[in-house]
Amino acid sequence: MTRPRLSIRWAGGDLAAVLEGYGVDIGGGIVELASARIELEPADRPAALPQLDVDELPSSAGRATASSAAIDVAAVGWATVDVDRADANVAAGVGAASSPAARDGLLGATVRRSTGRRPEQLLLEPDTEGRLAGALARYGEGPAVVYLRVPDLEGIAARLTTGLTTRRGDGPLGPARLILGGPPAGPFLILVGPAPSGVDRVPSDP
């Protein structure tokens with residue numbers, strides 16, 4: 001079964017730097033991944049506007065390019081002030097089930113993780129006065145995090161040439177690295193390693 005891909009619009013240079021570090025072609029500011037199309041917008045987008053927008057792509061949208069085949073969006077994290085209320089609203093709207101997941105220590109958040117969705121949907125409620133709390137205070141509830149699967153998580157430091165750094169931690173998708181250097185209120189980019197065989201794969205079109 002083919003699942004809808006996502007349209008992700010991201011403002012800022014950190015995601016572009018990571019993609020380029022892994023050899024992904026970002027010509028024209030658009031990257032086609034298996035589960036999402038990423039549109040890279042200028043970093044000077046008005047600060048009052050959310051710096052991350054997420055929608056579903058129509059089924060006729062393009063497919064992944066060969067240069068980006070080893071990289072994909074594993075999940076999108078949605079910031080909320082009440083994870084249980086948000087979970088109930090999502091389930092009522094699309095019938096998606098979710099369950100408690102490992103805490104995201106990099107963002108300071110309690111997590112509920114979707115089941116049966118690719119990319120996954122993570123509902124994140126801050127449990128510390130950390131990054132996610134700051135994002136909620138600035139932009140309110142909505143998409144705040146992209147979890148990007150990469151083929152070489154431990155080698156990211158050698159691939160970043162723009163002064164960006166990372167912080168190691170653990171989260172709902174396992175060992176992870178938060179990219180530092182972007183806006184303090186997000187959006188946040190978290191890298192995770194390859195999925196186990198047969199897990200987190202988006203089925204191909206017939």
# chains A, B, ... in the order shown; residues from 1 in each chain; ligands from 1
call {"tool": "residues_around", "arguments": {"residues": "A:Ser35", "least_positions_apart": "6", "cutoff": "7 Å", "atoms": "only C-alpha atoms", "output": "PyMOL selection string"}}
result
chain A and resi 5-6+72-73+119+202
call {"tool": "select_by_dssp", "arguments": {"residues": "stretch 74-197 of chain A", "states": "strand (DSSP E or B)", "output": "short mmCIF file (atom, residue, chain, number, x, y, z; two decimals) with N, CA, C and O atoms, in the first residue's frame"}}
result
data_model
loop_
_atom_site.label_atom_id
_atom_site.label_comp_id
_atom_site.auth_asym_id
_atom_site.auth_seq_id
_atom_site.Cartn_x
_atom_site.Cartn_y
_atom_site.Cartn_z
N ALA A 74 12.14 10.36 8.98
CA ALA A 74 11.62 9.28 9.82
C ALA A 74 10.35 9.70 10.53
O ALA A 74 9.44 8.89 10.72
N ALA A 75 10.28 10.96 10.96
CA ALA A 75 9.12 11.42 11.73
C ALA A 75 9.08 12.94 11.74
O ALA A 75 10.09 13.62 11.51
N VAL A 76 7.89 13.45 12.00
CA VAL A 76 7.70 14.87 12.28
C VAL A 76 7.18 14.99 13.70
O VAL A 76 6.27 14.26 14.10
N GLY A 77 7.78 15.87 14.47
CA GLY A 77 7.36 16.08 15.85
C GLY A 77 6.49 17.31 15.97
O GLY A 77 6.85 18.39 15.49
N TRP A 78 5.32 17.14 16.60
CA TRP A 78 4.36 18.22 16.79
C TRP A 78 4.38 18.65 18.24
O TRP A 78 4.14 17.84 19.15
N ALA A 79 4.65 19.92 18.48
CA ALA A 79 4.68 20.46 19.84
C ALA A 79 3.26 20.70 20.33
O ALA A 79 2.42 21.22 19.60
N SER A 98 -1.84 5.84 18.66
CA SER A 98 -0.50 6.14 19.13
C SER A 98 -0.30 5.53 20.50
O SER A 98 -1.26 5.09 21.15
N SER A 99 0.93 5.51 20.94
CA SER A 99 1.24 4.91 22.23
C SER A 99 2.40 5.67 22.85
O SER A 99 3.17 6.34 22.16
N PRO A 100 2.55 5.59 24.19
CA PRO A 100 3.68 6.27 24.84
C PRO A 100 5.01 5.77 24.27
O PRO A 100 5.17 4.59 23.94
N ALA A 101 5.95 6.68 24.14
CA ALA A 101 7.26 6.35 23.60
C ALA A 101 8.34 6.89 24.53
O ALA A 101 8.06 7.61 25.48
N ALA A 102 9.58 6.52 24.24
CA ALA A 102 10.69 7.01 25.03
C ALA A 102 10.74 8.53 25.00
O ALA A 102 10.46 9.16 23.98
N ARG A 103 11.10 9.11 26.12
CA ARG A 103 11.21 10.56 26.24
C ARG A 103 12.28 11.10 25.30
O ARG A 103 13.30 10.45 25.04
N ASP A 104 12.05 12.30 24.77
CA ASP A 104 13.07 12.96 23.97
C ASP A 104 13.92 13.83 24.89
O ASP A 104 13.51 14.93 25.28
N ALA A 109 11.08 16.50 26.39
CA ALA A 109 9.67 16.30 26.05
C ALA A 109 9.20 14.88 26.33
O ALA A 109 9.93 13.91 26.09
N THR A 110 7.96 14.79 26.80
CA THR A 110 7.23 13.53 26.86
C THR A 110 6.65 13.27 25.47
O THR A 110 6.23 14.20 24.78
N VAL A 111 6.63 11.99 25.04
CA VAL A 111 6.32 11.68 23.65
C VAL A 111 5.24 10.61 23.55
O VAL A 111 5.23 9.63 24.30
N ARG A 112 4.34 10.81 22.59
CA ARG A 112 3.46 9.75 22.11
C ARG A 112 3.78 9.54 20.64
O ARG A 112 3.95 10.51 19.89
N ARG A 113 3.87 8.27 20.24
CA ARG A 113 4.36 7.90 18.92
C ARG A 113 3.25 7.22 18.12
O ARG A 113 2.58 6.31 18.61
N SER A 114 3.05 7.66 16.89
CA SER A 114 2.02 7.08 16.04
C SER A 114 2.37 5.66 15.67
O SER A 114 3.54 5.25 15.70
N GLU A 120 6.51 8.76 10.68
CA GLU A 120 5.77 8.71 11.92
C GLU A 120 5.39 10.11 12.38
O GLU A 120 5.99 11.11 11.97
N GLN A 121 4.38 10.16 13.22
CA GLN A 121 3.98 11.40 13.86
C GLN A 121 4.26 11.28 15.35
O GLN A 121 3.79 10.35 15.99
N LEU A 122 5.03 12.21 15.88
CA LEU A 122 5.35 12.22 17.29
C LEU A 122 4.70 13.44 17.93
O LEU A 122 4.87 14.57 17.44
N LEU A 123 3.95 13.23 18.99
CA LEU A 123 3.36 14.31 19.76
C LEU A 123 4.27 14.58 20.95
O LEU A 123 4.59 13.67 21.71
N LEU A 124 4.72 15.83 21.08
CA LEU A 124 5.75 16.19 22.05
C LEU A 124 5.21 17.23 23.03
O LEU A 124 4.81 18.33 22.61
N GLU A 125 5.22 16.91 24.31
CA GLU A 125 4.81 17.84 25.35
C GLU A 125 6.03 18.15 26.22
O GLU A 125 6.64 17.23 26.78
N PRO A 126 6.40 19.42 26.36
CA PRO A 126 7.59 19.73 27.17
C PRO A 126 7.41 19.32 28.62
O PRO A 126 6.36 19.52 29.21
N GLY A 142 2.04 23.06 17.05
CA GLY A 142 2.23 22.79 15.64
C GLY A 142 3.52 22.04 15.39
O GLY A 142 4.23 21.66 16.33
N PRO A 143 3.85 21.81 14.12
CA PRO A 143 5.08 21.07 13.80
C PRO A 143 6.30 21.85 14.25
O PRO A 143 6.39 23.06 14.02
N ALA A 144 7.24 21.16 14.90
CA ALA A 144 8.41 21.83 15.45
C ALA A 144 9.71 21.10 15.19
O ALA A 144 10.78 21.68 15.33
N VAL A 145 9.62 19.81 14.81
CA VAL A 145 10.82 18.98 14.72
C VAL A 145 10.74 18.08 13.49
O VAL A 145 9.69 17.50 13.21
N VAL A 146 11.85 17.95 12.79
CA VAL A 146 11.99 16.92 11.75
C VAL A 146 13.07 15.96 12.22
O VAL A 146 14.18 16.37 12.58
N TYR A 147 12.70 14.68 12.25
CA TYR A 147 13.65 13.60 12.57
C TYR A 147 14.09 13.00 11.23
O TYR A 147 13.28 12.42 10.51
N LEU A 148 15.37 13.17 10.91
CA LEU A 148 15.88 12.75 9.62
C LEU A 148 16.74 11.50 9.77
O LEU A 148 17.71 11.50 10.54
N ARG A 149 16.40 10.44 9.03
CA ARG A 149 17.22 9.24 9.03
C ARG A 149 18.41 9.44 8.10
O ARG A 149 18.27 9.89 6.97
N THR A 165 27.20 22.38 14.93
CA THR A 165 27.64 21.30 15.79
C THR A 165 26.44 20.45 16.17
O THR A 165 25.30 20.76 15.82
N THR A 166 26.68 19.36 16.88
CA THR A 166 25.59 18.47 17.27
C THR A 166 25.68 18.15 18.76
O THR A 166 26.73 18.31 19.39
N ARG A 167 24.57 17.72 19.29
CA ARG A 167 24.53 17.22 20.67
C ARG A 167 23.97 15.80 20.64
O ARG A 167 22.92 15.54 20.06
N ARG A 168 24.68 14.89 21.26
CA ARG A 168 24.29 13.49 21.30
C ARG A 168 23.23 13.26 22.38
O ARG A 168 23.24 13.87 23.45
N GLY A 169 22.28 12.38 22.11
CA GLY A 169 21.25 12.05 23.09
C GLY A 169 20.43 10.87 22.64
O GLY A 169 20.79 10.17 21.68
N ASP A 170 19.35 10.64 23.35
CA ASP A 170 18.44 9.54 23.02
C ASP A 170 17.02 10.07 22.94
O ASP A 170 16.67 11.08 23.57
N GLY A 171 16.19 9.37 22.18
CA GLY A 171 14.82 9.82 22.01
C GLY A 171 13.92 8.69 21.59
O GLY A 171 14.30 7.51 21.68
N GLY A 174 15.45 6.21 19.17
CA GLY A 174 16.75 5.64 19.52
C GLY A 174 17.83 6.71 19.61
O GLY A 174 17.54 7.90 19.78
N PRO A 175 19.11 6.29 19.53
CA PRO A 175 20.21 7.25 19.58
C PRO A 175 20.02 8.34 18.53
O PRO A 175 19.59 8.08 17.41
N ALA A 176 20.35 9.57 18.91
CA ALA A 176 20.07 10.70 18.03
C ALA A 176 21.09 11.80 18.23
O ALA A 176 21.84 11.82 19.21
N ARG A 177 21.10 12.75 17.29
CA ARG A 177 21.94 13.93 17.39
C ARG A 177 21.11 15.15 17.00
O ARG A 177 20.55 15.20 15.91
N LEU A 178 21.07 16.12 17.90
CA LEU A 178 20.40 17.38 17.64
C LEU A 178 21.37 18.34 16.96
O LEU A 178 22.49 18.53 17.45
N ILE A 179 20.96 18.92 15.85
CA ILE A 179 21.79 19.90 15.17
C ILE A 179 21.67 21.23 15.91
O ILE A 179 20.56 21.75 16.11
N LEU A 180 22.80 21.78 16.32
CA LEU A 180 22.84 23.04 17.04
C LEU A 180 23.24 24.17 16.09
O LEU A 180 23.92 23.95 15.10
N PHE A 188 13.56 22.40 14.89
CA PHE A 188 14.66 21.58 15.35
C PHE A 188 14.88 20.42 14.38
O PHE A 188 13.92 19.81 13.90
N LEU A 189 16.13 20.14 14.13
CA LEU A 189 16.51 19.03 13.25
C LEU A 189 17.25 18.00 14.09
O LEU A 189 18.29 18.31 14.69
N ILE A 190 16.71 16.79 14.14
CA ILE A 190 17.31 15.69 14.89
C ILE A 190 17.62 14.56 13.93
O ILE A 190 16.74 14.11 13.17
N LEU A 191 18.86 14.12 13.95
CA LEU A 191 19.29 13.01 13.09
C LEU A 191 19.22 11.70 13.85
O LEU A 191 19.58 11.63 15.03
N VAL A 192 18.72 10.67 13.18
CA VAL A 192 18.69 9.32 13.74
C VAL A 192 19.31 8.37 12.74
O VAL A 192 19.36 8.66 11.54
#
call {"tool": "closest_residue", "arguments": {"among": "A:Gly28, A:Gly130, A:Pro58, A:Gly21", "to": "A:Pro4", "atoms": "only C-alpha atoms"}}
result
A:Pro58
call {"tool": "atom_distance", "arguments": {"atom1": "atom CA of A:Glu39", "atom2": "atom CA of A:Arg9"}}
result
4.7 Å
call {"tool": "residues_around", "arguments": {"residues": "stretch 12-17 of chain A", "least_positions_apart": "6", "cutoff": "10 Å", "atoms": "only C-alpha atoms", "output": "PyMOL selection string"}}
result
chain A and resi 23-26+29-31+38-45+51-52+146+148+159-165+179-183+186-190
call {"tool": "select_by_dssp", "arguments": {"residues": "stretch 8-184 of chain A", "states": "helix (DSSP H, G or I)", "output": "ChimeraX atom specification"}}
result
/A:14-21,27-29,66-68,83-94,131-139,156-159
call {"tool": "atom_distance", "arguments": {"atom1": "atom CA of A:Asp127", "atom2": "atom CA of A:Asp84"}}
result
13.6 Å
call {"tool": "closest_residue", "arguments": {"among": "A:Leu153, A:Ala135, A:Leu107, A:Asp53", "to": "A:Ala11", "atoms": "only C-alpha atoms"}}
result
A:Asp53
call {"tool": "closest_residue", "arguments": {"among": "A:Pro172, A:Gly27, A:Pro184, A:Gly193", "to": "A:Ala133", "atoms": "only C-alpha atoms"}}
result
A:Pro184
